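Student: Contents are mmCIF, C-alpha atoms; file name work22.cif:
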```
data_model
#
loop_
_atom_site.label_atom_id
_atom_site.label_comp_id
_atom_site.auth_asym_id
_atom_site.auth_seq_id
_atom_site.Cartn_x
_atom_site.Cartn_y
_atom_site.Cartn_z
CA MET N 12 0.00 0.00 0.00
CA LYS N 13 2.86 2.34 0.83
CA HIS N 14 4.42 1.77 -2.63
CA ILE N 15 1.14 2.62 -4.39
CA PHE N 16 0.96 5.93 -2.52
CA ILE N 17 4.55 6.85 -3.42
CA ILE N 18 4.09 5.93 -7.10
CA SER N 19 0.80 7.88 -7.25
CA ALA N 20 2.45 10.94 -5.67
CA ILE N 21 5.31 10.85 -8.19
CA ILE N 22 2.90 10.61 -11.12
CA LEU N 23 0.72 13.44 -9.83
CA LEU N 24 3.70 15.72 -9.26
CA SER N 25 5.16 15.12 -12.72
CA VAL N 26 1.98 15.44 -14.80
CA PRO N 27 1.71 19.28 -14.74
CA ARG N 28 5.30 19.65 -15.99
CA LEU N 29 4.68 17.34 -18.94
CA SER N 30 1.41 18.87 -20.13
CA ALA N 31 1.40 21.08 -23.22
CA GLN N 32 -2.26 21.98 -22.70
CA ASN N 33 -1.63 25.02 -20.51
CA ILE N 34 -0.92 28.18 -22.47
CA THR N 35 2.31 30.00 -21.61
CA PRO N 36 3.15 33.52 -22.77
CA ALA N 37 6.49 33.98 -24.55
CA LYS N 38 7.89 35.89 -21.56
CA ASN N 39 7.75 32.67 -19.48
CA ALA N 40 9.27 30.31 -22.06
CA SER N 41 12.73 30.48 -20.49
CA LYS N 42 11.33 28.72 -17.40
CA TYR N 43 10.68 25.60 -19.46
CA PHE N 44 14.00 24.69 -21.11
CA GLY N 45 13.77 21.02 -22.13
CA TYR N 46 9.98 20.81 -21.79
CA LYS N 47 7.25 20.61 -24.41
CA ILE N 48 4.91 23.56 -23.92
CA LYS N 49 2.23 25.55 -25.71
CA VAL N 50 3.11 29.22 -26.18
CA CYS N 51 0.69 31.87 -27.43
CA ASP N 52 1.92 35.36 -28.28
CA LYS N 53 2.33 37.91 -31.07
CA VAL N 54 4.90 37.62 -33.88
CA TYR N 55 6.78 40.93 -33.95
CA GLY N 56 9.31 40.24 -36.66
CA SER N 57 11.35 37.74 -38.62
CA SER N 58 14.68 37.21 -40.35
CA HIS N 59 16.41 34.70 -42.58
CA THR N 60 19.72 32.92 -42.32
CA SER N 61 21.31 30.30 -44.53
CA ASP N 62 20.02 27.75 -41.98
CA GLY N 63 16.37 28.84 -42.02
CA THR N 64 13.68 31.34 -41.02
CA LEU N 65 13.38 32.93 -37.59
CA LEU N 66 10.17 34.35 -36.10
CA TYR N 67 10.40 36.61 -33.04
CA LEU N 68 7.66 36.50 -30.39
CA GLY N 69 6.90 38.94 -27.61
CA GLU N 70 9.19 41.76 -28.83
CA GLU N 71 11.25 42.81 -31.86
CA TYR N 72 14.76 41.40 -32.33
CA PRO N 73 17.10 41.63 -30.38
CA LYS N 74 14.72 41.88 -27.40
CA GLN N 75 12.53 38.95 -28.48
CA LEU N 76 11.16 36.79 -25.68
CA LEU N 77 11.07 33.60 -27.77
CA THR N 78 12.47 32.68 -31.17
CA LEU N 79 10.82 30.18 -33.50
CA PHE N 80 13.18 28.49 -35.93
CA ILE N 81 12.15 26.74 -39.14
CA LYS N 82 15.07 24.99 -40.82
CA THR N 83 15.46 25.57 -44.56
CA ALA N 84 14.90 21.84 -45.18
CA ASP N 85 11.52 22.01 -43.36
CA LEU N 86 10.33 25.32 -44.83
CA SER N 87 8.70 23.63 -47.85
CA LYS N 88 6.29 21.82 -45.47
CA PHE N 89 4.76 25.17 -44.50
CA LYS N 90 2.18 26.84 -46.78
CA GLY N 91 3.02 30.32 -47.95
CA ARG N 92 5.72 32.33 -46.19
CA PRO N 93 5.60 32.04 -42.38
CA ASP N 94 7.81 35.14 -42.00
CA ILE N 95 5.22 37.25 -43.85
CA ASP N 96 1.99 35.33 -43.12
CA PHE N 97 2.37 35.40 -39.32
CA LYS N 98 3.98 38.83 -38.81
CA GLY N 99 1.81 40.99 -36.54
CA LYS N 100 -0.47 38.08 -35.72
CA ASP N 101 -1.17 36.21 -32.50
CA ILE N 102 -0.23 32.55 -32.80
CA CYS N 103 0.10 29.45 -30.65
CA ILE N 104 3.04 27.08 -30.94
CA THR N 105 3.61 23.68 -29.39
CA GLY N 106 7.16 22.42 -29.06
CA VAL N 107 10.16 21.77 -26.89
CA VAL N 108 11.98 24.84 -25.57
CA VAL N 109 15.71 24.72 -26.30
CA SER N 110 18.45 27.22 -25.55
CA ASP N 111 20.06 29.23 -28.32
CA LYS N 112 22.89 31.22 -26.74
CA GLY N 113 20.89 31.35 -23.50
CA LYS N 114 17.65 32.55 -25.12
CA PRO N 115 14.58 30.32 -25.49
CA GLU N 116 13.84 28.88 -28.91
CA ILE N 117 11.38 26.37 -30.33
CA VAL N 118 12.28 24.54 -33.54
CA LEU N 119 9.28 24.06 -35.82
CA THR N 120 9.44 20.98 -38.04
CA ASP N 121 5.73 20.51 -38.75
CA PRO N 122 3.06 23.06 -39.73
CA LYS N 123 0.74 21.46 -37.14
CA GLN N 124 2.95 22.99 -34.43
CA ILE N 125 1.78 26.51 -35.28
CA LYS N 126 -1.81 27.79 -35.29
CA PRO N 127 -3.58 31.14 -35.15
CA TYR N 128 -4.54 32.18 -31.62
CA MET N 129 -8.30 32.43 -31.25
CA VAL N 130 -9.42 34.52 -28.30
CA ASP N 131 -13.08 33.86 -29.05
CA SER N 132 -14.50 30.50 -29.99
CA PRO N 133 -13.46 29.65 -33.55
CA VAL N 134 -16.93 28.20 -34.21
CA LYS N 135 -19.59 30.83 -34.76
CA GLN N 136 -23.27 30.00 -34.84
CA LYS N 137 -25.19 30.90 -38.01
CA SER N 138 -28.35 32.81 -37.33
CA SER N 139 -31.45 31.87 -39.24
CA VAL N 140 -33.29 34.70 -40.95
CA ASN N 141 -36.85 34.12 -42.14
#
```
Would you give me this structure, written as structure tokens?

Tutor:
Amino acid sequence: MKHIFIISAIILLSVPRLSAQNITPAKNASKYFGYKIKVCDKVYGSSHTSDGTLLYLGEEYPKQLLTLFIKTADLSKFKGRPDIDFKGKDICITGVVVSDKGKPEIVLTDPKQIKPYMVDSPVKQKSSVN
């Protein structure tokens, strides 16, 4: 019985750290290095390198709070141009936070990792007019 209690306690304590369901603002991303999280914030800018495309959340570069990185090899998976399509928009990203020179970064390899942020319900009821 004692072992069941200890195992249950360990599971309960670790579940909140593993969940990507809670939304985190970009300013808190640095608290989650090594963890998969869901971040929702505004894209303030972007840039390109020979390695890929960078999107800056929370603030303009170099004061960005979180950088999103799409490698050149993965860019063709994304429709349109993420650097232009998402600029100035609120988005949500799910991914593992890694450190790039001490700053938080999420590498995007799949378009499913990035979605528009909907404050209101995305489903609107149609009204019937007679």

Student: List every protein, DNA or RNA residue that has an atom no more than 12 Å from (17.6, 35.5, -44.4) in the file's coordinate frame, counting only C-alpha atoms, and report them as a list in words.

Tutor: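 Applying the cut-off with only C-alpha atoms, one gets Ser57, Ser58, His59, Thr60, Ser61, Asp62, Gly63, Thr64, Leu65, Leu66, Phe80, Ile81, Lys82, Thr83 and Asp94 of chain N.
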
Student: What's around Tyr128 in chain N at 7 Å? Count all atoms listed in the file, leave out sequence neighbours fewer than 2 positions away in its own chain, and write the answer as number ranges by chain.

Tutor: N: 51, 101-103, 126, 130

Student: Give as a PyMOL selection string the residues that the PyMOL selection byres ((chain N and resi 41) around 9) matches when applied to the coordinates above.

Tutor: chain N and resi 37-40+42-44+76-77+108-110+113-116

Student: Kindly indicate which residue among N:Gly99, N:Gly69, N:Pro93, N:Pro36 lies nearest to Pro122 in chain N, using all atoms listed in the file for the distances.

Tutor: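 Under the stated criterion, the closest residue is N:Pro93.
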
Student: Hey, which of N:Met129, N:Glu70, N:Leu79, N:Lys90 ends up closest to Ile117 in chain N? Count all atoms listed in the file.

Tutor: N:Leu79

Student: Using only C-alpha atoms, determine which residues lie at most 6 Å from Tyr67 in chain N, disregarding the query and same-chain residues fewer than 3 positions distant; provide the list as a PyMOL selection string.

Tutor: chain N and resi 54-57+75+78

Student: Have a look at CA of Tyr72 in chain N and CA of Gln124 in chain N and let me know their distance in Å, one decimal.

Tutor: 22.0 Å
